file model02.txt (compact mmCIF, C-alpha atoms and all ligand atoms)
# COMPACT_ATOMS: atom_id res chain seq x y z
CA MET J 18 63.11 -136.64 37.99
CA LYS J 19 62.71 -135.61 34.40
CA ALA J 20 65.25 -133.03 33.26
CA ARG J 21 63.97 -129.54 32.51
CA ASP J 22 65.13 -127.43 29.57
CA PRO J 23 68.09 -125.49 31.01
CA ILE J 24 68.17 -123.01 28.13
CA ALA J 25 64.50 -122.14 28.60
CA ASP J 26 65.12 -121.68 32.33
CA LEU J 27 68.07 -119.34 31.70
CA ARG J 28 66.02 -117.30 29.24
CA ARG J 29 63.12 -117.10 31.67
CA ILE J 30 65.43 -115.82 34.41
CA ALA J 31 66.83 -113.17 32.05
CA PHE J 32 63.31 -112.11 31.18
CA LEU J 33 62.23 -111.78 34.80
CA LEU J 34 65.35 -109.83 35.74
CA GLU J 35 64.84 -107.48 32.85
CA ARG J 36 61.21 -106.97 33.69
CA ALA J 37 62.17 -106.16 37.27
CA ASN J 38 64.53 -103.54 35.94
CA GLU J 39 67.66 -105.26 37.28
CA ALA J 40 71.16 -104.30 36.17
CA THR J 41 72.00 -105.15 32.57
CA TYR J 42 75.14 -107.16 33.40
CA ARG J 43 73.03 -109.54 35.43
CA VAL J 44 70.51 -110.03 32.63
CA ARG J 45 73.31 -110.47 30.15
CA ALA J 46 74.97 -113.21 32.23
CA PHE J 47 71.90 -115.41 31.77
CA ARG J 48 71.38 -114.56 28.13
CA SER J 49 75.03 -115.31 27.26
CA ALA J 50 74.89 -118.60 29.12
CA ALA J 51 71.72 -119.58 27.24
CA LYS J 52 73.43 -118.67 23.99
CA ALA J 53 76.57 -120.66 24.83
CA LEU J 54 74.52 -123.74 25.66
CA ALA J 55 72.29 -123.42 22.61
CA GLY J 56 75.38 -123.93 20.47
CA LEU J 57 76.24 -127.32 22.03
CA PRO J 58 74.80 -130.81 21.65
CA ALA J 59 72.53 -131.65 24.59
CA ALA J 60 74.75 -134.63 25.51
CA GLU J 61 77.75 -132.38 25.96
CA VAL J 62 75.79 -130.02 28.21
CA THR J 63 74.75 -132.95 30.40
CA GLU J 64 78.30 -134.31 30.50
CA ARG J 65 79.80 -130.94 31.43
CA ALA J 66 77.16 -130.39 34.11
CA GLY J 67 78.12 -133.81 35.48
CA ASN J 68 81.85 -133.24 35.65
CA GLY J 69 81.66 -129.57 36.58
CA THR J 70 83.21 -128.15 33.40
CA LEU J 71 80.33 -125.91 32.30
CA THR J 72 82.19 -122.88 33.62
CA LYS J 73 85.01 -123.61 31.18
CA LEU J 74 82.65 -122.41 28.45
CA ALA J 75 82.79 -118.75 27.50
CA GLY J 76 79.66 -117.05 28.79
CA VAL J 77 78.92 -119.51 31.61
CA GLY J 78 79.71 -118.54 35.20
CA ASP J 79 79.22 -120.18 38.59
CA VAL J 80 75.67 -118.95 39.09
CA THR J 81 74.45 -119.86 35.63
CA ALA J 82 76.23 -123.26 35.78
CA ARG J 83 74.39 -124.04 39.04
CA CYS J 84 71.07 -123.16 37.40
CA VAL J 85 71.85 -125.51 34.50
CA ALA J 86 72.76 -128.35 36.86
CA GLU J 87 69.52 -127.87 38.78
CA SER J 88 67.45 -127.81 35.57
CA LEU J 89 69.07 -130.98 34.33
CA ALA J 90 68.38 -132.61 37.68
CA GLY J 91 64.72 -131.85 37.09
CA GLU J 92 64.45 -129.07 39.67
CA GLU J 93 63.29 -125.55 39.07
CA PRO J 94 66.52 -123.55 39.57
CA VAL J 95 66.57 -121.85 42.98
CA TYR J 96 67.38 -118.54 41.31
CA LEU J 97 64.29 -118.82 39.12
CA ARG J 98 62.10 -119.94 42.00
CA ARG J 99 63.12 -116.90 44.02
CA LEU J 100 62.42 -114.54 41.14
CA VAL J 101 59.01 -116.03 40.50
CA ALA J 102 58.16 -115.83 44.20
CA THR J 103 59.04 -112.15 44.51
CA GLU J 104 57.39 -110.96 41.33
CA GLY J 105 53.73 -110.27 41.33
CA SER J 106 51.25 -107.78 40.23
CA ASP J 107 50.60 -104.79 42.41
CA LEU J 108 48.06 -103.37 39.98
CA ASP J 109 44.61 -102.39 41.16
CA ALA J 110 41.42 -103.60 39.50
CA GLU J 111 41.07 -100.85 36.86
CA ALA J 112 44.68 -101.06 35.73
CA THR J 113 44.53 -104.86 35.66
CA ALA J 114 41.39 -104.75 33.53
CA LEU J 115 43.14 -102.48 31.05
CA ARG J 116 46.27 -104.65 31.00
CA VAL J 117 44.21 -107.78 30.40
CA ALA J 118 42.39 -106.06 27.53
CA LEU J 119 45.64 -105.32 25.68
CA ARG J 120 46.25 -107.75 22.84
CA GLY J 121 49.54 -106.38 21.59
CA ASP J 122 52.19 -103.70 21.73
CA CYS J 123 52.61 -101.03 19.05
CA HIS J 124 56.10 -99.73 19.91
CA THR J 125 59.08 -102.11 20.20
CA HIS J 126 62.73 -102.09 19.13
CA SER J 127 65.15 -104.81 18.10
CA ASP J 128 68.91 -104.97 17.63
CA TRP J 129 68.37 -103.76 14.07
CA SER J 130 68.35 -100.27 15.64
CA ASP J 131 69.11 -99.53 19.30
CA GLY J 132 67.38 -102.49 20.95
CA GLY J 133 69.45 -105.16 22.67
CA SER J 134 67.87 -108.33 21.27
CA PRO J 135 67.06 -109.97 17.96
CA ILE J 136 63.52 -109.71 16.56
CA GLU J 137 62.94 -113.42 17.23
CA GLU J 138 63.65 -113.04 20.96
CA MET J 139 61.38 -110.03 21.27
CA ALA J 140 58.61 -111.92 19.51
CA LEU J 141 59.00 -115.02 21.71
CA ALA J 142 58.79 -112.87 24.83
CA ALA J 143 55.65 -111.20 23.46
CA VAL J 144 54.15 -114.65 22.87
CA GLU J 145 54.97 -115.64 26.45
CA LEU J 146 53.18 -112.52 27.68
CA GLY J 147 50.06 -113.62 25.88
CA HIS J 148 50.17 -110.98 23.15
CA GLU J 149 48.61 -111.66 19.76
CA TYR J 150 50.89 -109.22 17.97
CA MET J 151 53.87 -106.96 18.37
CA VAL J 152 54.48 -104.03 16.07
CA LEU J 153 58.20 -103.80 15.36
CA THR J 154 59.11 -100.12 15.26
CA ASP J 155 62.83 -99.63 14.82
CA HIS J 156 64.16 -96.11 14.30
CA SER J 157 64.39 -94.14 11.05
CA PRO J 158 67.63 -93.07 9.25
CA ARG J 159 68.21 -89.61 10.74
CA LEU J 160 68.46 -91.01 14.24
CA LYS J 161 72.03 -92.13 13.67
CA VAL J 162 72.85 -92.60 17.37
CA ALA J 163 70.16 -95.28 17.42
CA ARG J 164 71.34 -96.93 14.17
CA GLY J 165 68.16 -95.85 12.42
CA LEU J 166 67.26 -98.02 9.42
CA THR J 167 67.84 -96.68 5.91
CA ALA J 168 65.15 -97.46 3.35
CA ASP J 169 67.25 -100.41 2.16
CA ARG J 170 67.73 -101.86 5.61
CA LEU J 171 64.03 -101.44 6.36
CA ARG J 172 63.18 -103.32 3.14
CA ARG J 173 65.50 -106.11 4.25
CA GLN J 174 63.88 -106.09 7.68
CA LEU J 175 60.46 -106.54 6.08
CA ASP J 176 61.69 -109.66 4.28
CA HIS J 177 63.22 -110.94 7.50
CA VAL J 178 60.01 -110.34 9.48
CA ALA J 179 58.07 -112.34 6.90
CA GLN J 180 60.43 -115.27 7.50
CA VAL J 181 60.28 -114.97 11.28
CA ASN J 182 56.48 -114.79 11.17
CA ALA J 183 56.33 -118.03 9.23
CA ALA J 184 58.14 -119.79 12.07
CA LEU J 185 56.19 -118.27 14.98
CA PRO J 186 53.29 -120.00 16.71
CA GLU J 187 49.91 -119.63 15.10
CA GLY J 188 47.81 -116.90 16.61
CA PHE J 189 50.76 -114.53 16.95
CA ARG J 190 52.13 -112.14 14.37
CA ILE J 191 54.82 -109.50 14.17
CA LEU J 192 53.28 -106.48 12.47
CA THR J 193 55.60 -104.29 10.46
CA GLY J 194 56.19 -100.75 11.55
CA ILE J 195 58.59 -97.96 12.32
CA GLU J 196 59.22 -95.27 14.90
CA VAL J 197 59.77 -92.56 12.36
CA ASP J 198 61.40 -89.29 13.32
CA ILE J 199 59.25 -86.19 13.03
CA LEU J 200 61.70 -83.82 11.35
CA ALA J 201 62.03 -80.10 12.03
CA ASP J 202 59.44 -79.20 9.37
CA GLY J 203 57.02 -81.88 10.54
CA SER J 204 57.75 -84.26 7.67
CA LEU J 205 58.47 -87.93 8.35
CA ASP J 206 61.94 -89.42 8.01
CA GLN J 207 61.29 -92.33 5.64
CA ASP J 208 60.29 -92.97 2.02
CA GLU J 209 56.62 -92.42 1.37
CA GLU J 210 56.31 -95.74 -0.45
CA LEU J 211 57.70 -97.62 2.58
CA LEU J 212 55.53 -95.79 5.09
CA ALA J 213 52.52 -96.79 3.01
CA ARG J 214 53.64 -100.42 3.05
CA LEU J 215 54.03 -100.71 6.83
CA ASP J 216 51.22 -101.99 9.04
CA VAL J 217 51.58 -99.31 11.73
CA VAL J 218 53.57 -96.06 11.84
CA VAL J 219 54.57 -94.46 15.15
CA GLY J 220 56.03 -90.96 14.77
CA SER J 221 58.10 -89.23 17.46
CA VAL J 222 60.10 -86.08 17.98
CA HIS J 223 63.69 -86.93 18.97
CA SER J 224 65.53 -83.74 18.01
CA GLY J 225 65.04 -80.04 18.57
CA LEU J 226 63.00 -80.83 21.67
CA ASN J 227 63.50 -77.26 22.84
CA ASP J 228 61.92 -75.74 19.74
CA GLU J 229 59.87 -72.73 20.73
CA ARG J 230 56.14 -73.26 21.20
CA THR J 231 54.72 -72.10 17.85
CA LYS J 232 57.41 -73.94 15.90
CA MET J 233 56.94 -77.18 17.86
CA THR J 234 53.15 -76.94 17.55
CA ARG J 235 53.34 -76.43 13.79
CA ARG J 236 55.82 -79.30 13.52
CA MET J 237 53.53 -81.68 15.41
CA LEU J 238 50.37 -80.56 13.60
CA THR J 239 52.05 -81.22 10.25
CA ALA J 240 53.08 -84.70 11.36
CA VAL J 241 49.65 -85.57 12.79
CA ALA J 242 48.00 -84.48 9.54
CA ASN J 243 50.26 -86.84 7.58
CA PRO J 244 48.02 -89.72 6.50
CA HIS J 245 50.81 -92.24 7.14
CA LEU J 246 51.17 -91.39 10.82
CA ASP J 247 49.04 -93.66 12.99
CA ILE J 248 50.36 -93.07 16.52
CA LEU J 249 52.01 -89.98 18.00
CA GLY J 250 54.87 -91.34 20.16
CA HIS J 251 55.92 -89.95 23.60
CA CYS J 252 54.59 -86.49 22.72
CA THR J 253 56.33 -84.30 25.32
CA GLY J 254 59.76 -85.96 25.10
CA ARG J 255 60.23 -85.61 28.84
CA MET J 256 62.57 -87.80 30.91
CA VAL J 257 61.35 -87.91 34.49
CA SER J 258 64.20 -89.90 35.92
CA SER J 259 67.59 -91.07 34.89
CA ARG J 260 67.44 -94.22 32.84
CA PRO J 261 66.41 -97.31 34.77
CA ALA J 262 69.25 -99.44 36.08
CA GLY J 263 68.48 -102.20 33.59
CA VAL J 264 68.92 -99.96 30.60
CA THR J 265 72.50 -99.37 29.71
CA GLY J 266 74.47 -100.48 26.70
CA PRO J 267 72.75 -101.03 23.39
CA GLY J 268 69.31 -100.17 24.75
CA ASP J 269 70.16 -96.70 25.81
CA ARG J 270 71.85 -95.27 22.76
CA GLY J 271 74.96 -94.69 24.79
CA HIS J 272 73.62 -91.51 26.36
CA ARG J 273 74.30 -90.48 29.92
CA ALA J 274 71.43 -90.68 32.33
CA ARG J 275 69.63 -87.35 32.59
CA THR J 276 66.26 -85.77 33.09
CA ARG J 277 64.54 -83.49 30.63
CA GLY J 278 61.49 -81.25 30.80
CA GLU J 279 58.49 -81.37 28.50
CA SER J 280 58.62 -79.85 25.04
CA ASP J 281 56.47 -76.76 24.76
CA PHE J 282 53.53 -77.06 22.37
CA ASP J 283 49.81 -76.27 22.21
CA ALA J 284 48.51 -79.60 23.48
CA ASP J 285 44.85 -78.78 22.86
CA ALA J 286 45.56 -77.95 19.21
CA VAL J 287 47.62 -81.12 18.76
CA PHE J 288 45.03 -83.37 20.42
CA ALA J 289 42.23 -81.78 18.38
CA ALA J 290 44.25 -82.57 15.26
CA CYS J 291 44.71 -86.15 16.47
CA VAL J 292 40.93 -86.48 16.72
CA GLU J 293 40.42 -84.89 13.31
CA HIS J 294 42.96 -87.16 11.60
CA ASP J 295 42.16 -90.24 13.69
CA THR J 296 45.72 -90.44 15.03
CA ALA J 297 46.21 -92.21 18.37
CA VAL J 298 48.14 -90.63 21.23
CA GLU J 299 50.73 -92.95 22.74
CA ILE J 300 50.85 -93.56 26.47
CA ASN J 301 54.52 -94.51 26.74
CA SER J 302 55.08 -96.95 29.61
CA ARG J 303 58.84 -96.58 30.06
CA PRO J 304 59.51 -95.71 33.70
CA GLU J 305 61.90 -92.90 32.78
CA ARG J 306 59.46 -91.36 30.28
CA GLN J 307 55.90 -91.70 31.65
CA ASP J 308 54.85 -89.65 28.68
CA PRO J 309 52.44 -87.90 28.35
CA PRO J 310 52.02 -86.77 31.95
CA LYS J 311 48.62 -87.53 33.46
CA ARG J 312 47.26 -84.00 33.07
CA LEU J 313 47.81 -84.31 29.30
CA ILE J 314 46.34 -87.82 29.15
CA ARG J 315 43.19 -86.31 30.68
CA ARG J 316 43.16 -83.46 28.15
CA ALA J 317 43.56 -85.93 25.27
CA LEU J 318 40.77 -88.06 26.70
CA GLU J 319 38.44 -85.06 26.95
CA ALA J 320 39.36 -84.07 23.40
CA GLY J 321 38.17 -87.50 22.24
CA CYS J 322 41.53 -89.02 21.25
CA LEU J 323 42.33 -92.67 20.74
CA PHE J 324 45.32 -94.02 22.66
CA ALA J 325 47.96 -96.74 22.35
CA ILE J 326 49.50 -98.08 25.56
CA ASN J 327 53.00 -99.02 24.43
CA THR J 328 56.17 -100.19 26.10
CA ASP J 329 58.80 -98.78 23.72
CA ALA J 330 60.66 -101.95 24.80
CA HIS J 331 64.33 -102.20 23.88
CA ALA J 332 64.69 -105.67 25.46
CA PRO J 333 62.37 -108.66 25.97
CA GLY J 334 61.69 -108.16 29.70
CA GLN J 335 60.64 -104.57 29.05
CA LEU J 336 57.67 -105.85 27.05
CA ASP J 337 55.98 -106.34 30.41
CA TRP J 338 56.21 -102.64 31.24
CA GLN J 339 52.76 -102.08 29.76
CA ARG J 340 51.41 -102.41 33.28
CA PHE J 341 53.01 -99.04 34.14
CA GLY J 342 51.20 -97.38 31.24
CA CYS J 343 47.95 -99.12 32.22
CA GLU J 344 48.27 -97.82 35.73
CA ARG J 345 48.54 -94.21 34.53
CA ALA J 346 45.83 -94.63 31.90
CA ALA J 347 43.48 -96.14 34.51
CA ARG J 348 44.13 -93.23 36.91
CA CYS J 349 42.98 -90.89 34.13
CA GLY J 350 39.88 -92.95 33.32
CA VAL J 351 40.93 -94.09 29.83
CA PRO J 352 38.42 -96.77 28.75
CA ALA J 353 39.67 -99.91 27.00
CA ASP J 354 37.69 -99.27 23.83
CA ARG J 355 39.63 -96.04 23.23
CA VAL J 356 42.93 -97.95 23.24
CA VAL J 357 43.89 -99.21 19.76
CA ASN J 358 45.99 -102.10 21.03
CA THR J 359 42.99 -103.68 22.72
CA TRP J 360 41.81 -104.32 19.15
CA SER J 361 42.61 -107.44 17.14
CA ALA J 362 45.55 -107.33 14.74
CA LYS J 363 43.11 -107.26 11.85
CA HIS J 364 41.16 -104.33 13.24
CA LEU J 365 44.35 -102.45 14.11
CA VAL J 366 45.88 -102.93 10.66
CA GLU J 367 42.62 -101.95 8.93
CA TRP J 368 42.39 -98.81 11.02
CA ALA J 369 46.01 -97.91 10.30
CA GLY J 370 45.60 -98.71 6.62
CA ASP J 371 42.36 -96.82 6.13
CA ARG J 372 44.00 -93.73 7.40
CA SER J 373 46.85 -93.81 4.84
ZN ZN G 401 61.32 -92.60 20.70
ZN ZN G 402 61.06 -96.03 20.70
call {"tool": "encode", "arguments": {"input": "model02.txt", "output": "structure tokens"}}
result
Amino acid sequence: MKARDPIADLRRIAFLLERANEATYRVRAFRSAAKALAGLPAAEVTERAGNGTLTKLAGVGDVTARCVAESLAGEEPVYLRRLVATEGSDLDAEATALRVALRGDCHTHSDWSDGGSPIEEMALAAVELGHEYMVLTDHSPRLKVARGLTADRLRRQLDHVAQVNAALPEGFRILTGIEVDILADGSLDQDEELLARLDVVVGSVHSGLNDERTKMTRRMLTAVANPHLDILGHCTGRMVSSRPAGVTGPGDRGHRARTRGESDFDADAVFAACVEHDTAVEINSRPERQDPPKRLIRRALEAGCLFAINTDAHAPGQLDWQRFGCERAARCGVPADRVVNTWSAKHLVEWAGDRS
């Protein structure tokens, strides 16, 4: 039988584990093995698989070595086969229709800030999911715990993204962006000139989440009125469950698992401002966020808001979490044409640009 690509199989397993929210150490085992093998000539990998010395390599264990041997023998690794067999979509028709309509993701992180993987890996996973674009939205400078990007680092990232884009398959593009902190006075935590240059700007509140109602409302209204802000990220800041099992280490900013209530603000005023300034409201798909709650999604829908169904992925497998957001959006009756990431990259970028 013709040998399979063992590195691709290891990466696929890591992706599926991550998507299923499995423990990080397990995901990491497959990613490290893929990395170790990628650094070797193919002949050496085959030879080591033959004489059983793969496990002598740093990063390769018994389980991953078995997968490699099976791949090289031309079989789909048993581990992979089992994962593929147990995955599957439990979405109903409305949620599936919404998921299928999504052409990209407007909120993703890389290891430039607090994500766990390089930009290239995130992009490849987005390609595999069938996306046409992924907006890269690493954090802004004030969010030091998340290694927020200074203006200089963001400029460097823009150059890097241009290079990565040149090497990616045609029909897919990384769009430039940021998850910019909404500061205490409602201003945005990045240079004006840079915000203007980015394709899409997501703005979120990450500090002072317990601000009292009038202060928080004013803060959010100021941000929404900022012509650079395109999408209002996870607007209530709530954490409904402790972090998912798969998210520890670099992806979770080193915080302890905890829950958190919603920030207090005048949602009707904020959503009305979103309509007035043509700012989209994010439906954040992360299982521990589920933000905004459904009652607020319905209020935003009635107000006439646009939405973005985003993953806020900090690792490649999490890019598939959009289905959770679709499920909640579908329950609230959000139609596909009100969701900005059902639009083409061109349409999305024009919309975001017009508004600045
Ligand atoms: Zn955030
Ligand atoms: Zn984020």
call {"tool": "residues_near_ligand", "arguments": {"input": "model02.txt", "ligand": "ligand ZN 402 (chain G)", "cutoff": "7 Å", "atoms": "all atoms listed in the file", "output": "tab-separated table (two decimals) with C-alpha atoms, keeping the file's coordinate frame"}}
result
chain	number	residue	atom	x	y	z
J	124	HIS	CA	56.10	-99.73	19.91
J	125	THR	CA	59.08	-102.11	20.20
J	126	HIS	CA	62.73	-102.09	19.13
J	196	GLU	CA	59.22	-95.27	14.90
J	329	ASP	CA	58.80	-98.78	23.72
call {"tool": "atom_distance", "arguments": {"input": "model02.txt", "atom1": "atom CA of Thr328 of chain J", "atom2": "atom CA of Leu146 of chain J"}}
result
12.8 Å
call {"tool": "residues_near_ligand", "arguments": {"input": "model02.txt", "ligand": "ligand ZN 401 (chain G)", "cutoff": "7 Å", "atoms": "all atoms listed in the file", "output": "ChimeraX atom specification"}}
result
/J:196,221,223,250-251
call {"tool": "closest_residue", "arguments": {"input": "model02.txt", "among": "J:Gly121, J:Gly165, J:Gly188, J:Pro135", "to": "Leu365 of chain J", "atoms": "all atoms listed in the file"}}
result
J:Gly121
call {"tool": "residues_around", "arguments": {"input": "model02.txt", "residues": "segment 331-348 of chain J", "least_positions_apart": "6", "cutoff": "9 Å", "atoms": "all atoms listed in the file", "output": "PyMOL selection string"}}
result
chain J and resi 31-38+106+108-109+111-116+119+122+125-128+131-135+138-143+146+264+267-269+300-304+307-308+310-311+314-315
call {"tool": "write_last_selection", "arguments": {"input": "model02.txt", "atoms": "C-alpha atoms", "output": "tab-separated table (two decimals), in the frame of the given file"}}
result
chain	number	residue	atom	x	y	z
J	31	ALA	CA	66.83	-113.17	32.05
J	32	PHE	CA	63.31	-112.11	31.18
J	33	LEU	CA	62.23	-111.78	34.80
J	34	LEU	CA	65.35	-109.83	35.74
J	35	GLU	CA	64.84	-107.48	32.85
J	36	ARG	CA	61.21	-106.97	33.69
J	37	ALA	CA	62.17	-106.16	37.27
J	38	ASN	CA	64.53	-103.54	35.94
J	106	SER	CA	51.25	-107.78	40.23
J	108	LEU	CA	48.06	-103.37	39.98
J	109	ASP	CA	44.61	-102.39	41.16
J	111	GLU	CA	41.07	-100.85	36.86
J	112	ALA	CA	44.68	-101.06	35.73
J	113	THR	CA	44.53	-104.86	35.66
J	114	ALA	CA	41.39	-104.75	33.53
J	115	LEU	CA	43.14	-102.48	31.05
J	116	ARG	CA	46.27	-104.65	31.00
J	119	LEU	CA	45.64	-105.32	25.68
J	122	ASP	CA	52.19	-103.70	21.73
J	125	THR	CA	59.08	-102.11	20.20
J	126	HIS	CA	62.73	-102.09	19.13
J	127	SER	CA	65.15	-104.81	18.10
J	128	ASP	CA	68.91	-104.97	17.63
J	131	ASP	CA	69.11	-99.53	19.30
J	132	GLY	CA	67.38	-102.49	20.95
J	133	GLY	CA	69.45	-105.16	22.67
J	134	SER	CA	67.87	-108.33	21.27
J	135	PRO	CA	67.06	-109.97	17.96
J	138	GLU	CA	63.65	-113.04	20.96
J	139	MET	CA	61.38	-110.03	21.27
J	140	ALA	CA	58.61	-111.92	19.51
J	141	LEU	CA	59.00	-115.02	21.71
J	142	ALA	CA	58.79	-112.87	24.83
J	143	ALA	CA	55.65	-111.20	23.46
J	146	LEU	CA	53.18	-112.52	27.68
J	264	VAL	CA	68.92	-99.96	30.60
J	267	PRO	CA	72.75	-101.03	23.39
J	268	GLY	CA	69.31	-100.17	24.75
J	269	ASP	CA	70.16	-96.70	25.81
J	300	ILE	CA	50.85	-93.56	26.47
J	301	ASN	CA	54.52	-94.51	26.74
J	302	SER	CA	55.08	-96.95	29.61
J	303	ARG	CA	58.84	-96.58	30.06
J	304	PRO	CA	59.51	-95.71	33.70
J	307	GLN	CA	55.90	-91.70	31.65
J	308	ASP	CA	54.85	-89.65	28.68
J	310	PRO	CA	52.02	-86.77	31.95
J	311	LYS	CA	48.62	-87.53	33.46
J	314	ILE	CA	46.34	-87.82	29.15
J	315	ARG	CA	43.19	-86.31	30.68
call {"tool": "closest_residue", "arguments": {"input": "model02.txt", "among": "J:Ala317, J:Leu160, J:Val257, J:Leu192", "to": "Ala284 of chain J", "atoms": "all atoms listed in the file"}}
result
J:Ala317
call {"tool": "atom_distance", "arguments": {"input": "model02.txt", "atom1": "atom CA of Gly321 of chain J", "atom2": "atom CA of Arg306 of chain J"}}
result
23.1 Å
call {"tool": "atom_distance", "arguments": {"input": "model02.txt", "atom1": "atom CA of Glu93 of chain J", "atom2": "atom CA of Ala66 of chain J"}}
result
15.5 Å
call {"tool": "closest_residue", "arguments": {"input": "model02.txt", "among": "J:Leu205, J:Val178, J:Val222, J:Val101", "to": "Arg255 of chain J", "atoms": "all atoms listed in the file"}}
result
J:Val222
call {"tool": "closest_residue", "arguments": {"input": "model02.txt", "among": "J:Val144, J:Val197, J:Leu100, J:Ala168", "to": "Asn182 of chain J", "atoms": "all atoms listed in the file"}}
result
J:Val144
call {"tool": "residues_around", "arguments": {"input": "model02.txt", "residues": "Gly67 of chain J", "least_positions_apart": "6", "cutoff": "10 Å", "atoms": "all atoms listed in the file", "output": "ChimeraX atom specification"}}
result
/J:61,86,89
call {"tool": "residues_around", "arguments": {"input": "model02.txt", "residues": "Ala50 of chain J", "least_positions_apart": "6", "cutoff": "8 Å", "atoms": "all atoms listed in the file", "output": "PDB file with C-alpha atoms, in the frame of the given file"}}
result
ATOM      1  CA  LEU J  27      68.070-119.340  31.700  1.00  0.00           C
ATOM      2  CA  GLY J  76      79.660-117.050  28.790  1.00  0.00           C
ATOM      3  CA  VAL J  77      78.920-119.510  31.610  1.00  0.00           C
ATOM      4  CA  GLY J  78      79.710-118.540  35.200  1.00  0.00           C
ATOM      5  CA  THR J  81      74.450-119.860  35.630  1.00  0.00           C
TER       6      THR J  81
END
call {"tool": "closest_residue", "arguments": {"input": "model02.txt", "among": "J:Arg21, J:Arg275, J:Arg48, J:Arg43", "to": "Ser88 of chain J", "atoms": "all atoms listed in the file"}}
result
J:Arg21
call {"tool": "axis_aligned_box", "arguments": {"input": "model02.txt", "around": "segment 343-353 of chain J", "padding_each_side": "8 Å", "output": "lines of an AutoDock Vina configuration file"}}
result
center_x = 43.5
center_y = -95.4
center_z = 32.0
size_x = 26.1
size_y = 25.0
size_z = 25.9
call {"tool": "closest_residue", "arguments": {"input": "model02.txt", "among": "J:Glu149, J:Glu39, J:Glu279, J:Asp295", "to": "Arg120 of chain J", "atoms": "only C-alpha atoms"}}
result
J:Glu149
call {"tool": "residues_around", "arguments": {"input": "model02.txt", "residues": "Val357 of chain J", "least_positions_apart": "3", "cutoff": "9 Å", "atoms": "only C-alpha atoms", "output": "PDB file with C-alpha atoms, in the coordinates of the input"}}
result
ATOM      1  CA  LEU J 119      45.640-105.320  25.680  1.00  0.00           C
ATOM      2  CA  CYS J 123      52.610-101.030  19.050  1.00  0.00           C
ATOM      3  CA  ALA J 297      46.210 -92.210  18.370  1.00  0.00           C
ATOM      4  CA  LEU J 323      42.330 -92.670  20.740  1.00  0.00           C
ATOM      5  CA  PHE J 324      45.320 -94.020  22.660  1.00  0.00           C
ATOM      6  CA  ALA J 325      47.960 -96.740  22.350  1.00  0.00           C
ATOM      7  CA  ILE J 326      49.500 -98.080  25.560  1.00  0.00           C
ATOM      8  CA  ALA J 353      39.670 -99.910  27.000  1.00  0.00           C
ATOM      9  CA  ASP J 354      37.690 -99.270  23.830  1.00  0.00           C
ATOM     10  CA  TRP J 360      41.810-104.320  19.150  1.00  0.00           C
ATOM     11  CA  SER J 361      42.610-107.440  17.140  1.00  0.00           C
ATOM     12  CA  HIS J 364      41.160-104.330  13.240  1.00  0.00           C
ATOM     13  CA  LEU J 365      44.350-102.450  14.110  1.00  0.00           C
ATOM     14  CA  TRP J 368      42.390 -98.810  11.020  1.00  0.00           C
TER      15      TRP J 368
END
call {"tool": "residues_around", "arguments": {"input": "model02.txt", "residues": "segment 224-230 of chain J", "least_positions_apart": "2", "cutoff": "8 Å", "atoms": "all atoms listed in the file", "output": "NGL selection string"}}
result
:J and (200-201 or 222 or 232-234 or 254 or 280-283)
